[in-house]
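Engineer: Please see the structure below; I have some questions.
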Amino acid sequence: YSESEPMITETQQSVFADTGHVTCAPFFDTRQIDLLCDVCDQWTESFIADLNDEKRAWYCEGLGKGETRIRKLDNPVYHKEEFCALAKDRKLVASVEALIGPGVSVAFSQVFFKPAYGGGPKPAHQDNYYFGCNDRDGMVTAWVALDDATVENGCMYFGDGSNKGPLIDHFAPEDEPFNLQISQSKMQTMKMTPAPVPKGGLSFHHGHTVHQSSDNNSAFARRAVALHYVNRSTTFEKPALTFDPSVVVNIS
């Protein structure tokens, strides 16, 4: 896959190095994105039906409010061939390799859901805190918009330049052990920049870049898939959560 020309330009690579994130749009064909959405719909229906109470608390939101909304699905690249094909897209892989070097794998992947009228926020955090990478520069997240991601429906916000700073201590609310986050007191001085992404576009962000998203109170869903790529020398040395190495998918 590395033989293909990257979609990301040298100017965009410079923006990524300076700010810790960059948006590339357009990137994927609408028909390919619609296929992924169909896969998500079918997978979600069967996934929710099989959840026990413990996993329902982990993967769903809106519990106790008379409804159950799926919050995320894990490892779509491992479980679904359509998402594996997305992760192996030649121009995407070439772009990833331009940022973190040749020979990459998807170590973890997620589909995130923000349903209309109430999809919940994701507090400020750094991916490298979750994953505990041995190389701070060895991982990049490719965040692909399955719907238009706007300020109104909960697009991502980034702390420009935080990729150059240290890992910040995170904590998790007692009833949400999965939701590692930076405290509000530590976020007071950090300016967060919104990064809208149209359907089929994507943003890349560095593992140290602070990012977050807000509630979706609009009439439009905001779905996205996050592909966490690592280069061949990067491992999850001190992860904050448990990750299954058997779901790693070698890409190039």
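In the structure tokens, the first chain shown is A, the next is B, and so on; residue numbers restart at 1 for each chain, and ligands run from 1 in the order shown.
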When you look at region 204-208 of chain A with a cut-off of 10 Å (counting only C-alpha atoms), what residues show up, excluding the ones that are within fewer than 6 positions of it in the same chain? I need them as a PyMOL selection string.
Structural biologist: chain A and resi 8+12-13+16-17+19-24+95-96+99-100+125-133+135-144+158-159+161-168+226-230
Engineer: Could you list, as a VMD selection string, every residue within 12 Å of region 85-91 of chain A, counting only C-alpha atoms and ignoring same-chain residues fewer than 3 positions away?
Structural biologist: chain A and resid 1 to 9 24 27 to 29 32 to 33 35 to 36 75 to 82 94 to 98 104 to 110 141 to 144 146 200 202 225 to 229 248 to 252
Engineer: Per DSSP on the backbone, filter region 16-250 of chain A down to the residues in strand (DSSP E) and report them as an MDAnalysis selection string.
Structural biologist: chainID A and resid 21:24 60:61 69:70 72:74 104:112 122:125 139:145 156:159 192:195 202:206 211:213 224:231 249:250
Engineer: Run DSSP on the backbone of this structure and report the residues of region 3-237 of chain A it assigns to alpha helix (DSSP H), as number ranges by chain.
Structural biologist: A: 10-19, 30-49, 53-59, 76-79, 81-87, 90-100, 127-131, 184-187
Engineer: Taking into account only C-alpha atoms, which residue in the set A:His170, A:Ala49, A:Ala116, A:Ile70 is nearest to Ile182 (chain A)?
Structural biologist: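 Under the stated criterion, the closest residue is A:His170.
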Engineer: Neighbouring residues of Asn216 (chain A) were defined as those with any atom within 7 Å, considering only C-alpha atoms; residues of the same chain fewer than 5 positions away were excluded. Please report them as a PyMOL selection string.
Structural biologist: chain A and resi 114-120+152-154
